[in-house]
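Novice: Contents of upload.cif (mmCIF, N, CA and C atoms and all ligand atoms) are below:
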```cif
data_final
loop_
_atom_site.label_atom_id
_atom_site.label_comp_id
_atom_site.auth_asym_id
_atom_site.auth_seq_id
_atom_site.Cartn_x
_atom_site.Cartn_y
_atom_site.Cartn_z
N MET V 308 0.83 -1.21 0.00
CA MET V 308 0.00 0.00 0.00
C MET V 308 0.86 1.26 0.00
N GLU V 309 0.43 2.20 -0.75
CA GLU V 309 1.15 3.47 -0.85
C GLU V 309 1.03 4.21 0.50
N ALA V 310 2.14 4.82 0.94
CA ALA V 310 2.11 5.51 2.24
C ALA V 310 1.19 6.73 2.18
N THR V 311 0.42 6.91 3.25
CA THR V 311 -0.48 8.05 3.31
C THR V 311 0.11 9.07 4.26
N LYS V 312 0.00 10.34 3.95
CA LYS V 312 0.54 11.34 4.89
C LYS V 312 -0.40 11.42 6.09
N PRO V 313 0.19 11.63 7.28
CA PRO V 313 -0.66 11.68 8.47
C PRO V 313 -1.50 12.95 8.53
N PHE V 314 -2.53 12.89 9.32
CA PHE V 314 -3.39 14.05 9.56
C PHE V 314 -3.06 14.52 10.96
N VAL V 315 -2.45 15.70 11.07
CA VAL V 315 -2.05 16.18 12.40
C VAL V 315 -2.74 17.51 12.70
N TRP V 316 -2.94 17.71 13.97
CA TRP V 316 -3.58 18.95 14.43
C TRP V 316 -2.75 20.15 14.02
N ASP V 317 -3.41 21.23 13.64
CA ASP V 317 -2.73 22.47 13.33
C ASP V 317 -3.52 23.57 14.03
N ASP V 318 -2.85 24.49 14.70
CA ASP V 318 -3.57 25.53 15.45
C ASP V 318 -4.41 26.44 14.55
N ARG V 319 -4.22 26.35 13.25
CA ARG V 319 -5.10 27.17 12.39
C ARG V 319 -6.53 26.63 12.43
N TYR V 320 -6.71 25.41 12.98
CA TYR V 320 -8.08 24.88 13.12
C TYR V 320 -8.79 25.44 14.35
N LEU V 321 -8.07 26.13 15.24
CA LEU V 321 -8.69 26.67 16.45
C LEU V 321 -9.77 27.70 16.11
N LEU V 322 -10.94 27.57 16.78
CA LEU V 322 -12.05 28.48 16.48
C LEU V 322 -12.43 29.36 17.67
N GLY V 323 -11.77 29.17 18.82
CA GLY V 323 -12.03 30.04 19.96
C GLY V 323 -13.20 29.62 20.84
N HIS V 324 -13.72 28.40 20.59
CA HIS V 324 -14.77 27.86 21.46
C HIS V 324 -14.17 26.58 22.04
N GLY V 325 -13.89 26.60 23.36
CA GLY V 325 -13.10 25.54 23.99
C GLY V 325 -13.59 24.12 23.74
N GLU V 326 -14.88 23.89 23.95
CA GLU V 326 -15.39 22.51 23.79
C GLU V 326 -15.33 22.07 22.33
N MET V 327 -15.66 23.00 21.44
CA MET V 327 -15.61 22.64 20.01
C MET V 327 -14.18 22.36 19.58
N ASP V 328 -13.25 23.18 20.05
CA ASP V 328 -11.85 22.96 19.70
C ASP V 328 -11.35 21.61 20.22
N ALA V 329 -11.77 21.23 21.43
CA ALA V 329 -11.35 19.95 22.00
C ALA V 329 -11.93 18.79 21.17
N THR V 330 -13.19 18.94 20.76
CA THR V 330 -13.81 17.91 19.92
C THR V 330 -13.09 17.81 18.58
N HIS V 331 -12.67 18.95 18.05
CA HIS V 331 -11.99 18.93 16.75
C HIS V 331 -10.60 18.30 16.83
N ARG V 332 -9.93 18.47 17.98
CA ARG V 332 -8.65 17.76 18.16
C ARG V 332 -8.90 16.26 18.14
N GLU V 333 -9.99 15.85 18.81
CA GLU V 333 -10.32 14.42 18.84
C GLU V 333 -10.65 13.92 17.43
N PHE V 334 -11.36 14.74 16.66
CA PHE V 334 -11.69 14.38 15.27
C PHE V 334 -10.40 14.07 14.50
N VAL V 335 -9.43 14.98 14.59
CA VAL V 335 -8.17 14.81 13.86
C VAL V 335 -7.48 13.51 14.31
N ASP V 336 -7.46 13.24 15.62
CA ASP V 336 -6.83 12.01 16.13
C ASP V 336 -7.53 10.77 15.60
N ARG V 337 -8.86 10.80 15.60
CA ARG V 337 -9.62 9.62 15.14
C ARG V 337 -9.42 9.37 13.65
N VAL V 338 -9.40 10.45 12.87
CA VAL V 338 -9.19 10.27 11.42
C VAL V 338 -7.77 9.78 11.18
N ASN V 339 -6.81 10.31 11.94
CA ASN V 339 -5.43 9.85 11.76
C ASN V 339 -5.30 8.38 12.13
N ALA V 340 -6.01 7.95 13.17
CA ALA V 340 -5.98 6.53 13.56
C ALA V 340 -6.54 5.67 12.42
N LEU V 341 -7.55 6.20 11.75
CA LEU V 341 -8.15 5.48 10.63
C LEU V 341 -7.18 5.42 9.44
N LEU V 342 -6.46 6.51 9.23
CA LEU V 342 -5.49 6.56 8.12
C LEU V 342 -4.33 5.60 8.32
N THR V 343 -3.97 5.41 9.59
CA THR V 343 -2.73 4.67 9.87
C THR V 343 -2.99 3.26 10.38
N ALA V 344 -4.25 2.85 10.53
CA ALA V 344 -4.55 1.50 11.03
C ALA V 344 -4.12 0.45 10.00
N ASP V 345 -3.68 -0.71 10.48
CA ASP V 345 -3.44 -1.79 9.52
C ASP V 345 -4.79 -2.47 9.25
N ASP V 346 -4.80 -3.38 8.28
CA ASP V 346 -6.08 -3.97 7.88
C ASP V 346 -6.83 -4.57 9.06
N ALA V 347 -6.11 -5.22 9.97
CA ALA V 347 -6.76 -5.90 11.09
C ALA V 347 -7.40 -4.90 12.06
N GLY V 348 -6.85 -3.68 12.08
CA GLY V 348 -7.34 -2.68 13.03
C GLY V 348 -8.38 -1.72 12.43
N LEU V 349 -8.67 -1.91 11.14
CA LEU V 349 -9.56 -0.95 10.48
C LEU V 349 -10.98 -0.92 11.04
N GLY V 350 -11.50 -2.10 11.37
CA GLY V 350 -12.88 -2.18 11.88
C GLY V 350 -13.01 -1.40 13.18
N ALA V 351 -12.04 -1.59 14.07
CA ALA V 351 -12.09 -0.90 15.37
C ALA V 351 -11.89 0.60 15.19
N ALA V 352 -10.97 0.97 14.31
CA ALA V 352 -10.72 2.41 14.07
C ALA V 352 -11.94 3.07 13.45
N LEU V 353 -12.62 2.34 12.55
CA LEU V 353 -13.80 2.91 11.91
C LEU V 353 -14.95 3.01 12.92
N ALA V 354 -15.10 2.02 13.78
CA ALA V 354 -16.15 2.08 14.81
C ALA V 354 -15.88 3.24 15.76
N ALA V 355 -14.62 3.44 16.12
CA ALA V 355 -14.26 4.55 17.02
C ALA V 355 -14.55 5.88 16.35
N PHE V 356 -14.22 5.98 15.05
CA PHE V 356 -14.51 7.23 14.35
C PHE V 356 -16.02 7.46 14.26
N ALA V 357 -16.78 6.41 13.95
CA ALA V 357 -18.24 6.55 13.81
C ALA V 357 -18.86 7.04 15.13
N ALA V 358 -18.38 6.50 16.25
CA ALA V 358 -18.90 6.93 17.56
C ALA V 358 -18.52 8.39 17.82
N HIS V 359 -17.28 8.74 17.49
CA HIS V 359 -16.85 10.13 17.66
C HIS V 359 -17.73 11.06 16.81
N ALA V 360 -17.90 10.71 15.53
CA ALA V 360 -18.63 11.59 14.61
C ALA V 360 -20.07 11.77 15.08
N ALA V 361 -20.70 10.70 15.54
CA ALA V 361 -22.09 10.80 16.00
C ALA V 361 -22.18 11.78 17.17
N ALA V 362 -21.24 11.68 18.13
CA ALA V 362 -21.28 12.55 19.30
C ALA V 362 -20.91 14.00 18.91
N HIS V 363 -19.87 14.14 18.08
CA HIS V 363 -19.39 15.46 17.63
C HIS V 363 -20.52 16.21 16.92
N PHE V 364 -21.18 15.55 15.97
CA PHE V 364 -22.21 16.23 15.20
C PHE V 364 -23.47 16.47 16.05
N ALA V 365 -23.81 15.52 16.92
CA ALA V 365 -24.99 15.71 17.77
C ALA V 365 -24.78 16.90 18.70
N GLU V 366 -23.54 17.06 19.20
CA GLU V 366 -23.22 18.18 20.09
C GLU V 366 -23.40 19.51 19.35
N GLU V 367 -22.82 19.61 18.16
CA GLU V 367 -22.96 20.86 17.39
C GLU V 367 -24.41 21.10 16.99
N ASN V 368 -25.11 20.05 16.57
CA ASN V 368 -26.52 20.21 16.17
C ASN V 368 -27.33 20.76 17.34
N GLU V 369 -27.06 20.25 18.53
CA GLU V 369 -27.81 20.69 19.70
C GLU V 369 -27.50 22.16 20.01
N TRP V 370 -26.23 22.54 19.90
CA TRP V 370 -25.87 23.96 20.12
C TRP V 370 -26.61 24.84 19.12
N MET V 371 -26.67 24.38 17.87
CA MET V 371 -27.32 25.20 16.82
C MET V 371 -28.80 25.39 17.12
N VAL V 372 -29.46 24.31 17.51
CA VAL V 372 -30.90 24.37 17.76
C VAL V 372 -31.18 25.21 19.02
N LYS V 373 -30.44 24.92 20.09
CA LYS V 373 -30.68 25.62 21.36
C LYS V 373 -30.39 27.10 21.28
N ASN V 374 -29.47 27.48 20.42
CA ASN V 374 -29.05 28.89 20.34
C ASN V 374 -29.57 29.61 19.11
N ASP V 375 -30.60 29.00 18.46
CA ASP V 375 -31.22 29.63 17.29
C ASP V 375 -30.21 30.10 16.25
N PHE V 376 -29.27 29.24 15.96
CA PHE V 376 -28.25 29.58 14.96
C PHE V 376 -28.92 29.59 13.58
N PRO V 377 -28.97 30.76 12.91
CA PRO V 377 -29.80 30.84 11.69
C PRO V 377 -29.48 29.82 10.59
N PRO V 378 -28.20 29.72 10.12
CA PRO V 378 -27.99 28.79 8.99
C PRO V 378 -27.78 27.34 9.43
N ARG V 379 -28.59 26.88 10.41
CA ARG V 379 -28.32 25.55 10.94
C ARG V 379 -28.67 24.43 9.97
N ASP V 380 -29.66 24.64 9.10
CA ASP V 380 -30.12 23.52 8.28
C ASP V 380 -29.04 22.94 7.37
N CYS V 381 -28.28 23.82 6.71
CA CYS V 381 -27.28 23.27 5.79
C CYS V 381 -26.13 22.65 6.57
N HIS V 382 -25.85 23.17 7.76
CA HIS V 382 -24.78 22.60 8.58
C HIS V 382 -25.18 21.20 9.09
N ILE V 383 -26.42 21.10 9.58
CA ILE V 383 -26.91 19.80 10.07
C ILE V 383 -26.97 18.79 8.91
N ASP V 384 -27.37 19.29 7.74
CA ASP V 384 -27.41 18.45 6.53
C ASP V 384 -26.04 17.87 6.19
N GLU V 385 -25.02 18.73 6.31
CA GLU V 385 -23.68 18.27 5.98
C GLU V 385 -23.21 17.20 6.97
N HIS V 386 -23.52 17.40 8.25
CA HIS V 386 -23.20 16.38 9.25
C HIS V 386 -23.89 15.05 8.89
N ASN V 387 -25.16 15.14 8.51
CA ASN V 387 -25.91 13.92 8.21
C ASN V 387 -25.33 13.18 7.00
N LYS V 388 -24.86 13.96 6.01
CA LYS V 388 -24.27 13.33 4.82
C LYS V 388 -23.00 12.58 5.19
N VAL V 389 -22.19 13.18 6.06
CA VAL V 389 -20.95 12.51 6.47
C VAL V 389 -21.29 11.23 7.24
N LEU V 390 -22.24 11.31 8.16
CA LEU V 390 -22.61 10.12 8.93
C LEU V 390 -23.14 9.02 8.01
N ALA V 391 -23.93 9.40 7.02
CA ALA V 391 -24.48 8.39 6.09
C ALA V 391 -23.34 7.71 5.34
N SER V 392 -22.32 8.49 4.93
CA SER V 392 -21.17 7.88 4.23
C SER V 392 -20.42 6.93 5.14
N VAL V 393 -20.26 7.32 6.41
CA VAL V 393 -19.53 6.47 7.35
C VAL V 393 -20.28 5.13 7.52
N HIS V 394 -21.59 5.20 7.64
CA HIS V 394 -22.37 3.97 7.82
C HIS V 394 -22.33 3.10 6.56
N GLU V 395 -22.34 3.74 5.41
CA GLU V 395 -22.23 3.03 4.13
C GLU V 395 -20.87 2.30 4.07
N VAL V 396 -19.81 3.00 4.46
CA VAL V 396 -18.47 2.40 4.43
C VAL V 396 -18.38 1.25 5.43
N GLN V 397 -19.05 1.38 6.57
CA GLN V 397 -19.06 0.26 7.54
C GLN V 397 -19.68 -0.99 6.91
N ARG V 398 -20.73 -0.78 6.11
CA ARG V 398 -21.36 -1.93 5.44
C ARG V 398 -20.40 -2.55 4.43
N HIS V 399 -19.67 -1.70 3.69
CA HIS V 399 -18.71 -2.23 2.72
C HIS V 399 -17.57 -2.98 3.42
N LEU V 400 -17.12 -2.43 4.55
CA LEU V 400 -16.03 -3.08 5.27
C LEU V 400 -16.48 -4.46 5.76
N ALA V 401 -17.74 -4.56 6.18
CA ALA V 401 -18.27 -5.86 6.65
C ALA V 401 -18.22 -6.89 5.53
N GLU V 402 -18.22 -6.40 4.27
CA GLU V 402 -18.12 -7.31 3.12
C GLU V 402 -16.67 -7.48 2.67
N GLY V 403 -15.73 -6.92 3.44
CA GLY V 403 -14.32 -7.15 3.15
C GLY V 403 -13.63 -6.06 2.34
N ASP V 404 -14.30 -4.95 2.07
CA ASP V 404 -13.68 -3.88 1.27
C ASP V 404 -12.89 -2.94 2.18
N VAL V 405 -11.57 -3.15 2.23
CA VAL V 405 -10.74 -2.28 3.08
C VAL V 405 -10.34 -1.00 2.35
N ALA V 406 -10.26 -1.06 1.02
CA ALA V 406 -9.81 0.12 0.25
C ALA V 406 -10.77 1.29 0.47
N ILE V 407 -12.05 1.01 0.57
CA ILE V 407 -13.03 2.10 0.69
C ILE V 407 -12.88 2.82 2.05
N VAL V 408 -12.39 2.10 3.05
CA VAL V 408 -12.19 2.74 4.36
C VAL V 408 -11.03 3.72 4.26
N ARG V 409 -10.00 3.35 3.53
CA ARG V 409 -8.86 4.25 3.36
C ARG V 409 -9.26 5.47 2.53
N GLU V 410 -10.12 5.24 1.56
CA GLU V 410 -10.61 6.39 0.77
C GLU V 410 -11.43 7.33 1.65
N LEU V 411 -12.24 6.76 2.53
CA LEU V 411 -13.04 7.59 3.45
C LEU V 411 -12.12 8.43 4.34
N ALA V 412 -11.06 7.80 4.87
CA ALA V 412 -10.16 8.52 5.77
C ALA V 412 -9.53 9.72 5.05
N VAL V 413 -9.11 9.52 3.81
CA VAL V 413 -8.52 10.63 3.04
C VAL V 413 -9.58 11.70 2.77
N ALA V 414 -10.80 11.26 2.43
CA ALA V 414 -11.87 12.22 2.15
C ALA V 414 -12.20 13.05 3.40
N LEU V 415 -12.17 12.43 4.57
CA LEU V 415 -12.46 13.15 5.81
C LEU V 415 -11.38 14.18 6.11
N MET V 416 -10.13 13.79 5.83
CA MET V 416 -9.00 14.69 6.08
C MET V 416 -9.13 15.92 5.16
N GLU V 417 -9.62 15.69 3.93
CA GLU V 417 -9.78 16.81 2.99
C GLU V 417 -11.02 17.64 3.30
N TRP V 418 -12.04 16.99 3.87
CA TRP V 418 -13.32 17.65 4.15
C TRP V 418 -13.22 18.62 5.34
N PHE V 419 -12.47 18.19 6.37
CA PHE V 419 -12.51 18.92 7.64
C PHE V 419 -12.11 20.40 7.57
N PRO V 420 -10.98 20.78 6.95
CA PRO V 420 -10.59 22.19 7.04
C PRO V 420 -11.65 23.16 6.52
N ALA V 421 -12.28 22.85 5.40
CA ALA V 421 -13.29 23.77 4.86
C ALA V 421 -14.54 23.76 5.73
N HIS V 422 -14.92 22.59 6.24
CA HIS V 422 -16.10 22.54 7.12
C HIS V 422 -15.86 23.39 8.37
N ALA V 423 -14.66 23.25 8.93
CA ALA V 423 -14.32 24.03 10.13
C ALA V 423 -14.26 25.52 9.82
N ASP V 424 -13.65 25.86 8.67
CA ASP V 424 -13.48 27.28 8.31
C ASP V 424 -14.81 27.98 8.04
N TYR V 425 -15.70 27.30 7.34
CA TYR V 425 -16.92 27.98 6.90
C TYR V 425 -18.12 27.74 7.80
N LEU V 426 -18.33 26.51 8.24
CA LEU V 426 -19.55 26.23 9.00
C LEU V 426 -19.29 26.25 10.51
N ASP V 427 -18.29 25.48 10.98
CA ASP V 427 -18.05 25.45 12.42
C ASP V 427 -17.60 26.80 12.95
N SER V 428 -16.81 27.54 12.17
CA SER V 428 -16.31 28.82 12.70
C SER V 428 -17.47 29.81 12.86
N ALA V 429 -18.45 29.78 11.95
CA ALA V 429 -19.60 30.67 12.09
C ALA V 429 -20.38 30.30 13.35
N LEU V 430 -20.51 29.01 13.61
CA LEU V 430 -21.21 28.56 14.82
C LEU V 430 -20.44 28.97 16.08
N ALA V 431 -19.12 28.79 16.05
CA ALA V 431 -18.30 29.14 17.22
C ALA V 431 -18.45 30.64 17.53
N THR V 432 -18.41 31.47 16.50
CA THR V 432 -18.55 32.92 16.70
C THR V 432 -19.91 33.24 17.30
N TRP V 433 -20.94 32.60 16.78
CA TRP V 433 -22.31 32.81 17.27
C TRP V 433 -22.42 32.42 18.76
N LEU V 434 -21.85 31.26 19.10
CA LEU V 434 -21.94 30.78 20.49
C LEU V 434 -21.16 31.68 21.43
N VAL V 435 -19.99 32.11 21.01
CA VAL V 435 -19.16 32.96 21.87
C VAL V 435 -19.85 34.31 22.09
N LYS V 436 -20.46 34.85 21.04
CA LYS V 436 -21.19 36.11 21.19
C LYS V 436 -22.33 35.97 22.17
N ARG V 437 -23.06 34.85 22.07
CA ARG V 437 -24.19 34.61 22.98
C ARG V 437 -23.70 34.48 24.41
N LEU V 438 -22.59 33.78 24.56
CA LEU V 438 -22.01 33.55 25.88
C LEU V 438 -21.65 34.87 26.55
N HIS V 439 -21.20 35.82 25.74
CA HIS V 439 -20.82 37.11 26.30
C HIS V 439 -21.96 38.12 26.20
N ALA V 440 -23.17 37.60 26.10
CA ALA V 440 -24.39 38.42 26.13
C ALA V 440 -24.33 39.61 25.18
N GLY V 441 -23.99 39.32 23.94
CA GLY V 441 -24.01 40.38 22.92
C GLY V 441 -22.83 41.31 22.99
N ALA V 442 -21.87 41.00 23.83
CA ALA V 442 -20.68 41.85 23.90
C ALA V 442 -19.45 41.00 23.58
N PRO V 443 -19.29 40.62 22.30
CA PRO V 443 -18.16 39.77 21.95
C PRO V 443 -16.82 40.45 22.24
N LEU V 444 -15.89 39.63 22.66
CA LEU V 444 -14.56 40.18 22.93
C LEU V 444 -13.81 40.23 21.61
N VAL V 445 -13.71 41.40 21.07
CA VAL V 445 -13.04 41.56 19.79
C VAL V 445 -11.90 42.55 19.96
N LEU V 446 -10.74 42.13 19.53
CA LEU V 446 -9.60 43.04 19.62
C LEU V 446 -9.51 43.80 18.30
N ARG V 447 -9.59 45.09 18.39
CA ARG V 447 -9.50 45.89 17.17
C ARG V 447 -8.29 46.80 17.23
N ARG V 448 -7.67 46.91 16.08
CA ARG V 448 -6.56 47.86 16.02
C ARG V 448 -7.15 49.27 15.97
N ASN V 449 -6.44 50.17 16.53
CA ASN V 449 -6.90 51.56 16.45
C ASN V 449 -6.62 52.06 15.04
N VAL V 450 -7.71 52.27 14.29
CA VAL V 450 -7.53 52.64 12.90
C VAL V 450 -7.47 54.17 12.70
N ALA V 451 -7.66 54.89 13.81
CA ALA V 451 -7.62 56.36 13.69
C ALA V 451 -6.22 56.81 13.30
N LYS V 452 -6.16 57.63 12.35
CA LYS V 452 -4.84 58.11 11.91
C LYS V 452 -4.53 59.47 12.54
N ALA V 453 -3.30 59.66 12.85
CA ALA V 453 -2.91 60.94 13.47
C ALA V 453 -2.97 62.06 12.45
FE FE W 1 -17.18 20.27 14.12
FE FE W 2 -19.87 20.97 12.02
#
```
Since I need it in another form, could you write the structure as structure tokens?
Specialist:
Amino acid sequence: MEATKPFVWDDRYLLGHGEMDATHREFVDRVNALLTADDAGLGAALAAFAAHAAAHFAEENEWMVKNDFPPRDCHIDEHNKVLASVHEVQRHLAEGDVAIVRELAVALMEWFPAHADYLDSALATWLVKRLHAGAPLVLRRNVAKA
């Protein structure tokens, strides 16, 4: 098998919401475990990822609903599509297809940065603003010119 590059945490994924950031570190670890598992360990790594993804997405979905996050529908939809793919791949693995699990791991590694940048970051900003009761902590440069 051709060597796959690992998926490692990068601080550019930080969104400023502690629990979400911790969950995202776990996401990266689980996907990396899936990328680097040998054939015998793939089933366990995929089950661990599926459990992580279900909890990760359920947590964000709940935050979106409870906090009236406006664009929640497309975000929840995207979570559901990923979960459906994971379950589909679990069925293929049960039939002995290990290649599709490796393809899923690479697809997840490619999917995450844009999902975090566009959808999760908007949610993190919304939650942090709510937490600070409409007074978000924003550092601004003094743009006044002398
Ligand atoms: Fe997320
Ligand atoms: Fe998300």
Novice: List as a ChimeraX atom specification the protein and nucleic acid residues lying within 7 Å of ligand FE 2 (chain W), with only C-alpha atoms and all ligand atoms counted.
Specialist: /V:364,367,382,386,422-423,426-427
Novice: Write out as a PyMOL selection string the residues lying within 8 Å of Trp370 of chain V, counting only N, CA and C atoms and excluding same-chain residues fewer than 5 positions away.
Specialist: chain V and resi 364-365+375-376+430+434
Novice: Between V:Ala352, V:Met416, V:Ala344, V:Val389, which has the minimum distance to His331 of chain V (counting only C-alpha atoms)?
Specialist: V:Met416
Novice: As an exercise, work out the distance from atom CA of Asp345 of chain V to atom CA of Val405 of chain V in Å and give it to one decimal place.
Specialist: 9.7 Å
Novice: Quick one: DSSP alpha helix (DSSP H) residues in segment 324-417 of chain V, as an NGL selection string?
Specialist: :V and (325-343 or 349-373 or 379-401 or 406-417)
Novice: As an MDAnalysis selection string, please: the residues near Thr343 of chain V (cut-off 12 Å, only C-alpha atoms, same-chain neighbours under 3 positions excluded).
Specialist: chainID V and resid 308:315 336:340 346:349 352:353 408:409 412:413
Novice: One decimal, in Å: what's the spacing between atom N of Val396 of chain V and atom C of Thr330 of chain V?
Specialist: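 A separation of 21.5 Å between them.
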Novice: Find the distance between atom C of Val372 of chain V and atom CA of Ala414 of chain V and write it in Å to one decimal.
Specialist: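 Separation of atom C of Val372 of chain V and atom CA of Ala414 of chain V: 28.7 Å.
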Novice: Identify which of the residues V:His363, V:His439, V:Arg319, V:Arg379 lies closest to ligand FE 1 (chain W), counting only N, CA and C atoms and all ligand atoms when measuring atom-to-atom distances.
Specialist: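 Going through V:His363, V:His439, V:Arg319, V:Arg379 one by one, the smallest distance to ligand FE 1 (chain W) is for V:His363.
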Novice: Could you tell me, as a ChimeraX atom specification, which residues have any atom at most 10 Å from (-9.5, 31.1, 15.6), counting only C-alpha atoms?
Specialist: /V:318-324,328,424,428,431-432
Novice: Which is closer to ligand FE 1 (chain W) than all the others in V:Asp380, V:Glu395, V:Glu410, V:Glu366, using only C-alpha atoms and all ligand atoms?
Specialist: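 When distances to ligand FE 1 (chain W) are compared using only C-alpha atoms and all ligand atoms, the smallest one comes from V:Glu366.
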Novice: Could you tell me which of V:Ala406, V:Met327, V:Ala357, V:Ala351 comes closest to His394 of chain V if we count only N, CA and C atoms?
Specialist: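 Selected residue with least distance to His394 of chain V: V:Ala357.
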Novice: Select, from V:Ile407, V:Ala421, V:Ala358, V:Leu342, the residue with the minimum atom-to-atom distance to ligand FE 1 (chain W), counting only C-alpha atoms and all ligand atoms.
Specialist: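 Among the listed residues, V:Ala421 lies closest to ligand FE 1 (chain W).
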